Each structure stands twice: as C-alpha cells, then as structure tokens.
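Report on one structure; see the data block that follows.
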Amino acid sequence: MDLFVYGTLLFPDVLTVLLGRVPARSPAVADGWRAAALPGRVYPGLVPDPVRRATGLVIGGLTAADIALLDAYEEDDYRLADITLADGTSCPTYVWRRDVLADDWNPRWFADTHLAEYAAHCRRWRAGYRPPP
C-alpha cells in the first residue's frame with residue numbers, strides 16, 4: 001500500500017523508529033490541502049484548503065501490519081482517507097479532524113527544534129506498541 005505523508009513521517013529518523021526501515025519514497029503534491037500547524041503540537045494536520053497545496057512524499061510498499069501500526073500511532077485525531085494528488089492519482093493519507101492554526105506547519109522548524117526529541121518519543125511509543133491480534 002502507498003501512503004501520502006506530509007508531516008513527521010517525512011523524516012527518515014521517524015520512519016526508521018516506527019517501521020524499522022525507510023520505505024521507498026517519491027515526492028508528491030496534494031492540491032486543495034494544506035499541512036496546518038496545530039495548537040500546542042509540534043506535528044501538523046492535513047486539512048482541506050481550496051487555494052493551497054500540501055507538499056509531501058508518497059511512501060510505498062507498506063504492509064497491513066505497517067498500516068495497523070500507523071493507525072495506532074496517528075490515533076483518533078486523524079482518519080485515513082483517500083485524496084487525489086496533483087498528478088491525478090488517488091492515495092490514502094491521514095486527514096486531521098480537529099482545530100488548526102492559520103499558519104502552515106514548517107518542516108524545517110520541526111527538524112531544527114524538535115526532530116531528535118520527537119524521534120525519542122516515537123521510540124518510547126514503539127517500544128510499548130502491541131499489534132492487534
């Protein structure tokens with residue numbers, strides 16, 4: 001399975017901690033969406049915006065076990081939904097379900113100020129994750 005990612009899953013450090021590998025990745029754009037900054041959080045949420053575009057990656061070759069893990073990681077604030085990318089292909093992604101800020105999320109800011117701490121948080125989360133039966 002493929003997945004459009006636009007936030008913390010852009011970073012190989014986070015993918016490696018969560019999945020144990022960095023899957024194949026290719027650049028992608030989602031017109032009509034934006035990666036919004038979220039109140040009190042260092043990660044973004046993808047929300048519809050008719051005049052914006054979200055840049056990201058499509059990661060490929062995900063297994064059912066990978067998706068189950070990512071579903072648990074993303075929790076109930078996100079829902080897995082198919083969106084249409086700028087190239088016309090349909091791809092699942094995690095869409096945010098709560099309030100957002102007016103600003104877009106800044107991946108450079110995240111990398112410079114929060115990536116190491118966030119990867120450590122993911123490592124602790126991953127250590128406690130139990131796959132569904």
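A note on labels: chains of the structure tokens are A, B, ... as shown, every chain counts residues from 1, and ligands are counted from 1 in their shown order.
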*Pick out each residue of region 82-126 of chain A that DSSP on the backbone tags as helix (DSSP H, G or I); I need them as JSON, numbers by chain.*
{"A": [107, 108, 109, 110, 111, 112, 113, 115, 116, 117, 118, 119, 120, 121, 122, 123, 124, 125, 126]}
Env of region 48-53 of chain A: 6 Å cut, atoms = only C-alpha atoms, seq-sep filter 6 positions within chain, self excluded. Answer as a PDB file with N, CA and C atoms, in the first residue's frame.
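Dumped everything to selection-v6.pdb:
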```
ATOM      1  N   ALA A  30      -0.404  17.587  -3.003  1.00  0.00           N
ATOM      2  CA  ALA A  30      -1.863  17.460  -2.886  1.00  0.00           C
ATOM      3  C   ALA A  30      -2.466  18.855  -3.007  1.00  0.00           C
ATOM      4  N   ASP A  31      -3.017  19.172  -4.179  1.00  0.00           N
ATOM      5  CA  ASP A  31      -3.694  20.452  -4.363  1.00  0.00           C
ATOM      6  C   ASP A  31      -5.005  20.433  -3.581  1.00  0.00           C
ATOM      7  N   GLY A  32      -5.361  21.606  -3.038  1.00  0.00           N
ATOM      8  CA  GLY A  32      -6.605  21.707  -2.282  1.00  0.00           C
ATOM      9  C   GLY A  32      -6.488  21.250  -0.841  1.00  0.00           C
ATOM     10  N   TRP A  33      -5.258  21.074  -0.365  1.00  0.00           N
ATOM     11  CA  TRP A  33      -4.987  20.658   1.010  1.00  0.00           C
ATOM     12  C   TRP A  33      -3.825  21.473   1.544  1.00  0.00           C
ATOM     13  N   ARG A  34      -3.735  21.554   2.874  1.00  0.00           N
ATOM     14  CA  ARG A  34      -2.554  22.163   3.474  1.00  0.00           C
ATOM     15  C   ARG A  34      -2.179  21.419   4.746  1.00  0.00           C
TER      16      ARG A  34
END
```
*Which value, in Å to one decimal, gives the distance between CA of Leu15 (chain A) and CA of Ser90 (chain A)?*
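Separation of CA of Leu15 (chain A) and CA of Ser90 (chain A): 22.2 Å.
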Write out as a CSV table (one decimal) with N, CA and C atoms, in the first residue's frame each polymer residue whose atoms come within 9 Å of Asn106 (chain A), counting only C-alpha atoms; drop sequence neighbours fewer than 5 positions from it.
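After the write, result.csv holds the following:
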```
chain,number,residue,atom,x,y,z
A,7,GLY,N,4.1,15.3,7.1
A,7,GLY,CA,4.5,15.8,8.4
A,7,GLY,C,5.7,15.1,9.0
A,35,ALA,N,-0.9,21.4,5.0
A,35,ALA,CA,-0.4,20.9,6.3
A,35,ALA,C,-0.4,22.0,7.3
A,36,ALA,N,-1.4,22.0,8.1
A,36,ALA,CA,-1.6,23.1,9.1
A,36,ALA,C,-0.9,22.9,10.4
A,37,ALA,N,-0.4,24.0,10.9
A,37,ALA,CA,0.1,24.0,12.3
A,37,ALA,C,-1.0,23.7,13.2
A,44,PRO,N,1.9,18.4,12.3
A,44,PRO,CA,0.8,19.0,11.5
A,44,PRO,C,-0.4,18.2,11.4
A,111,ALA,N,12.4,20.1,12.1
A,111,ALA,CA,13.7,19.4,12.1
A,111,ALA,C,14.8,20.0,13.0
```
*asked:* Given only C-alpha atoms as the basis, pick out the residue of A:Leu57, A:Ala119, A:Ala28, A:Ala64 nearest to Thr89 (chain A).
replied: A:Ala28
*A:Ala81, A:Val42, A:Ala68, A:Leu9 ranked by distance to Trp109 (chain A), top pick (using only C-alpha atoms)*: A:Val42
*Rank A:Glu74, A:Asp66, A:Asp99, A:Asp82 by their smallest atom-to-atom distance to Thr8 (chain A), using only C-alpha atoms, and report the top residue only.*
A:Glu74
*List every residue of region 2-99 of chain A that DSSP, applied to the backbone, labels as strand (DSSP E), and write the result as a ChimeraX atom specification.*
/A:3-5,25-36,45-59,78-84,90-96
Same residues, C-alpha atoms, output as a compact mmCIF listing (two decimals), in the first residue's frame:
```txt
# COMPACT_ATOMS: atom_id res chain seq x y z
CA LEU A 3 0.57 6.48 1.74
CA PHE A 4 0.84 10.26 1.22
CA VAL A 5 2.79 11.78 4.12
CA ARG A 25 9.57 7.43 -1.18
CA SER A 26 8.72 9.79 -4.02
CA PRO A 27 7.79 13.49 -4.00
CA ALA A 28 4.09 14.32 -4.22
CA VAL A 29 1.75 17.29 -4.02
CA ALA A 30 -1.86 17.46 -2.89
CA ASP A 31 -3.69 20.45 -4.36
CA GLY A 32 -6.60 21.71 -2.28
CA TRP A 33 -4.99 20.66 1.01
CA ARG A 34 -2.55 22.16 3.47
CA ALA A 35 -0.36 20.85 6.28
CA ALA A 36 -1.64 23.09 9.06
CA GLY A 45 -2.63 18.08 10.38
CA LEU A 46 -3.73 17.84 6.77
CA VAL A 47 -6.90 19.85 6.17
CA PRO A 48 -8.79 20.91 3.04
CA ASP A 49 -7.98 24.35 1.66
CA PRO A 50 -9.16 25.08 -1.88
CA VAL A 51 -6.38 27.58 -2.68
CA ARG A 52 -3.40 25.78 -1.10
CA ARG A 53 -1.21 22.78 -1.78
CA ALA A 54 0.48 20.37 0.56
CA THR A 55 3.86 19.04 -0.44
CA GLY A 56 4.98 15.68 0.81
CA LEU A 57 6.01 12.20 -0.17
CA VAL A 58 4.29 9.02 -1.19
CA ILE A 59 5.80 6.15 0.74
CA TYR A 78 -6.76 11.59 12.28
CA ARG A 79 -8.74 9.50 9.85
CA LEU A 80 -7.32 7.53 6.95
CA ALA A 81 -8.87 8.86 3.75
CA ASP A 82 -8.18 8.76 0.03
CA ILE A 83 -7.25 12.07 -1.58
CA THR A 84 -6.39 12.95 -5.15
CA SER A 90 -5.63 8.63 -5.59
CA CYS A 91 -3.68 7.93 -2.43
CA PRO A 92 -4.60 7.35 1.21
CA THR A 93 -3.37 9.79 3.83
CA TYR A 94 -4.13 10.78 7.38
CA VAL A 95 -6.52 13.76 7.48
CA TRP A 96 -6.80 15.87 10.64
```
*Suppose you want the space between CA of Asp71 (chain A) and CA of Leu18 (chain A); what is it in Å?*
11.6 Å
*So how far away is CA of Asp13 (chain A) from CA of Phe110 (chain A), in Å?*
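Answer for the CA of Phe110 (chain A) to CA of Asp13 (chain A) separation: 12.6 Å.
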*asked:* For Gly61 (chain A), find every residue with an atom within 8 Å (counting only C-alpha atoms), except residues of its own chain fewer than 5 positions away, and show them as a list in words.
replied: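 Once the nearby chain positions are removed, what remains is Met1, Asp2, Pro23 and Ala24 of chain A.
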*Nearest to Val17 (chain A) among A:Ile67, A:Asp76, A:Leu38, A:Ala127, with distances taken over only C-alpha atoms: which residue is it?*
A:Ala127
